[in-house]
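Printed here is entry39.pdb (PDB, C-alpha atoms):
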```pdb
ATOM      1  CA  MET A1056       1.844  15.622  -5.978  1.00  0.00           C
ATOM      2  CA  ARG A1057       3.113  14.256  -9.256  1.00  0.00           C
ATOM      3  CA  ASN A1058       0.912  12.785 -12.016  1.00  0.00           C
ATOM      4  CA  VAL A1059       2.146   9.994 -14.293  1.00  0.00           C
ATOM      5  CA  GLY A1060       0.408   8.084 -17.046  1.00  0.00           C
ATOM      6  CA  ALA A1061      -0.242   4.354 -16.669  1.00  0.00           C
ATOM      7  CA  ARG A1062       2.322   3.452 -19.329  1.00  0.00           C
ATOM      8  CA  GLU A1063       5.039   5.533 -17.663  1.00  0.00           C
ATOM      9  CA  ALA A1064       4.111   4.066 -14.271  1.00  0.00           C
ATOM     10  CA  ASN A1065       4.462   0.572 -15.694  1.00  0.00           C
ATOM     11  CA  GLN A1066       7.813   1.297 -17.329  1.00  0.00           C
ATOM     12  CA  HIS A1067       9.318   3.160 -14.344  1.00  0.00           C
ATOM     13  CA  PHE A1068       7.639   1.483 -11.376  1.00  0.00           C
ATOM     14  CA  SER A1069      10.861   0.984  -9.364  1.00  0.00           C
ATOM     15  CA  GLU A1070      11.732   4.665  -9.721  1.00  0.00           C
ATOM     16  CA  LEU A1071       8.235   5.667  -8.632  1.00  0.00           C
ATOM     17  CA  LEU A1072       8.504   3.449  -5.559  1.00  0.00           C
ATOM     18  CA  ARG A1073      11.751   5.169  -4.591  1.00  0.00           C
ATOM     19  CA  GLU A1074       9.996   8.533  -4.851  1.00  0.00           C
ATOM     20  CA  VAL A1075       7.130   7.286  -2.700  1.00  0.00           C
ATOM     21  CA  GLU A1076       9.564   5.894  -0.118  1.00  0.00           C
ATOM     22  CA  SER A1077      11.070   9.368   0.150  1.00  0.00           C
ATOM     23  CA  GLY A1078       7.640  10.769   1.059  1.00  0.00           C
ATOM     24  CA  LYS A1079       6.193  11.879  -2.285  1.00  0.00           C
ATOM     25  CA  GLU A1080       2.672  11.077  -3.487  1.00  0.00           C
ATOM     26  CA  ILE A1081       2.065  10.079  -7.088  1.00  0.00           C
ATOM     27  CA  THR A1082      -1.224   9.901  -8.980  1.00  0.00           C
ATOM     28  CA  VAL A1083      -1.443   7.422 -11.846  1.00  0.00           C
ATOM     29  CA  THR A1084      -3.694   8.480 -14.711  1.00  0.00           C
ATOM     30  CA  ARG A1085      -5.233   6.724 -17.684  1.00  0.00           C
ATOM     31  CA  ASN A1086      -6.362   8.896 -20.572  1.00  0.00           C
ATOM     32  CA  GLY A1087      -5.778  11.928 -18.357  1.00  0.00           C
ATOM     33  CA  LYS A1088      -8.101  10.703 -15.584  1.00  0.00           C
ATOM     34  CA  PRO A1089      -6.786   9.686 -12.151  1.00  0.00           C
ATOM     35  CA  VAL A1090      -7.149   5.964 -11.478  1.00  0.00           C
ATOM     36  CA  ALA A1091      -4.736   5.236  -8.620  1.00  0.00           C
ATOM     37  CA  ARG A1092      -2.532   6.928  -6.066  1.00  0.00           C
ATOM     38  CA  LEU A1093       0.831   5.779  -4.725  1.00  0.00           C
ATOM     39  CA  LEU A1094       1.588   7.149  -1.292  1.00  0.00           C
ATOM     40  CA  PRO A1095       3.906   6.262   1.570  1.00  0.00           C
ATOM     41  CA  ILE A1096       2.554   4.208   4.434  1.00  0.00           C
ATOM     42  CA  ARG A1097       2.607   6.153   7.649  1.00  0.00           C
ATOM     43  CA  LEU A1098       2.026   4.166  10.808  1.00  0.00           C
ATOM     44  CA  GLN A1099      -0.639   5.755  12.921  1.00  0.00           C
ATOM     45  CA  LYS A1100      -0.589   5.826  16.712  1.00  0.00           C
ATOM     46  CA  SER A1101      -3.695   3.659  16.544  1.00  0.00           C
ATOM     47  CA  ASP A1102      -1.676   1.007  14.662  1.00  0.00           C
ATOM     48  CA  LYS A1103       0.788   0.865  17.554  1.00  0.00           C
ATOM     49  CA  ALA A1104      -2.014   0.724  20.125  1.00  0.00           C
ATOM     50  CA  ARG A1105      -3.735  -2.027  18.145  1.00  0.00           C
ATOM     51  CA  GLN A1106      -0.551  -4.084  17.971  1.00  0.00           C
ATOM     52  CA  LYS A1107      -0.008  -3.619  21.719  1.00  0.00           C
ATOM     53  CA  ALA A1108      -3.539  -4.886  22.421  1.00  0.00           C
ATOM     54  CA  ILE A1109      -2.973  -7.907  20.166  1.00  0.00           C
ATOM     55  CA  ASP A1110       0.306  -8.712  21.920  1.00  0.00           C
ATOM     56  CA  GLU A1111      -1.382  -8.466  25.321  1.00  0.00           C
ATOM     57  CA  MET A1112      -4.201 -10.819  24.258  1.00  0.00           C
ATOM     58  CA  ILE A1113      -1.701 -13.354  22.952  1.00  0.00           C
ATOM     59  CA  ALA A1114       0.108 -13.242  26.318  1.00  0.00           C
ATOM     60  CA  VAL A1115      -3.185 -13.842  28.157  1.00  0.00           C
ATOM     61  CA  MET A1116      -4.006 -16.770  25.878  1.00  0.00           C
ATOM     62  CA  ARG A1117      -0.585 -18.324  26.489  1.00  0.00           C
ATOM     63  CA  ARG A1118      -0.961 -18.012  30.273  1.00  0.00           C
ATOM     64  CA  GLY A1119      -4.489 -19.396  30.227  1.00  0.00           C
ATOM     65  CA  MET A1120      -7.463 -18.003  32.107  1.00  0.00           C
ATOM     66  CA  PRO A1121      -8.830 -19.250  35.425  1.00  0.00           C
ATOM     67  CA  LEU A1122     -12.477 -20.335  35.440  1.00  0.00           C
ATOM     68  CA  GLY A1123     -13.212 -20.310  39.144  1.00  0.00           C
ATOM     69  CA  GLY A1124     -11.141 -23.364  39.910  1.00  0.00           C
ATOM     70  CA  ARG A1125      -8.794 -25.074  37.575  1.00  0.00           C
ATOM     71  CA  GLY A1126      -7.316 -22.895  34.842  1.00  0.00           C
ATOM     72  CA  PHE A1127      -6.829 -24.108  31.314  1.00  0.00           C
ATOM     73  CA  THR A1128      -4.432 -23.208  28.578  1.00  0.00           C
ATOM     74  CA  ARG A1129      -5.153 -22.255  25.006  1.00  0.00           C
ATOM     75  CA  ASP A1130      -3.789 -25.619  23.842  1.00  0.00           C
ATOM     76  CA  GLU A1131      -6.136 -27.493  26.199  1.00  0.00           C
ATOM     77  CA  MET A1132      -9.023 -25.489  24.839  1.00  0.00           C
ATOM     78  CA  HIS A1133      -8.323 -26.765  21.335  1.00  0.00           C
ATOM     79  CA  GLU A1134      -7.736 -30.425  22.191  1.00  0.00           C
ATOM     80  CA  ASP A1135     -10.079 -32.968  20.655  1.00  0.00           C
TER      81      ASP A1135
END
```
Any chance you could give the structure as structure tokens?
Amino acid sequence: MRNVGAREANQHFSELLREVESGKEITVTRNGKPVARLLPIRLQKSDKARQKAIDEMIAVMRRGMPLGGRGFTRDEMHED
């Protein structure tokens, strides 16, 4: 992990982002003390599972849900 001062981080932010995109982690310091960390985003399996669940719920809402007789759609639910 690389440490950079706040001033350097400000002046070379684009370069630091390129380093982070390549997988490196960078700690930003102020007066020698760590204040922030730049690190690459790594999608977790749980992120994919969460998105799948959201997509499935949206599909159910679009189809509508039966209530023992006549079904209704999401749009009907929100009509005034």
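If you look at atom CA of Met1116 of chain A and atom CA of Thr1128 of chain A, they are 7.0 Å away from each other.
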| task | Kindly resolve the PyMOL selection byres ((chain A and resi 1058) around 8) on the present coordinates and return the residues as a PyMOL selection string. | result | chain A and resi 1056-1057+1059-1060+1081-1084
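Distance-wise, atom CA of Ala1064 of chain A and atom CA of Leu1094 of chain A end up 13.6 Å apart.
Between Val1115 of chain A and the residues A:Phe1127, A:Glu1074, A:Gln1066, A:Lys1079, the shortest atom-to-atom distance, using all atoms listed in the file, involves A:Phe1127.
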| query | What lies within 7 Å of Val1075 of chain A using only C-alpha atoms, ignoring chain neighbours under 5 positions off, as a PyMOL selection string? | reply | chain A and resi 1080+1093-1095
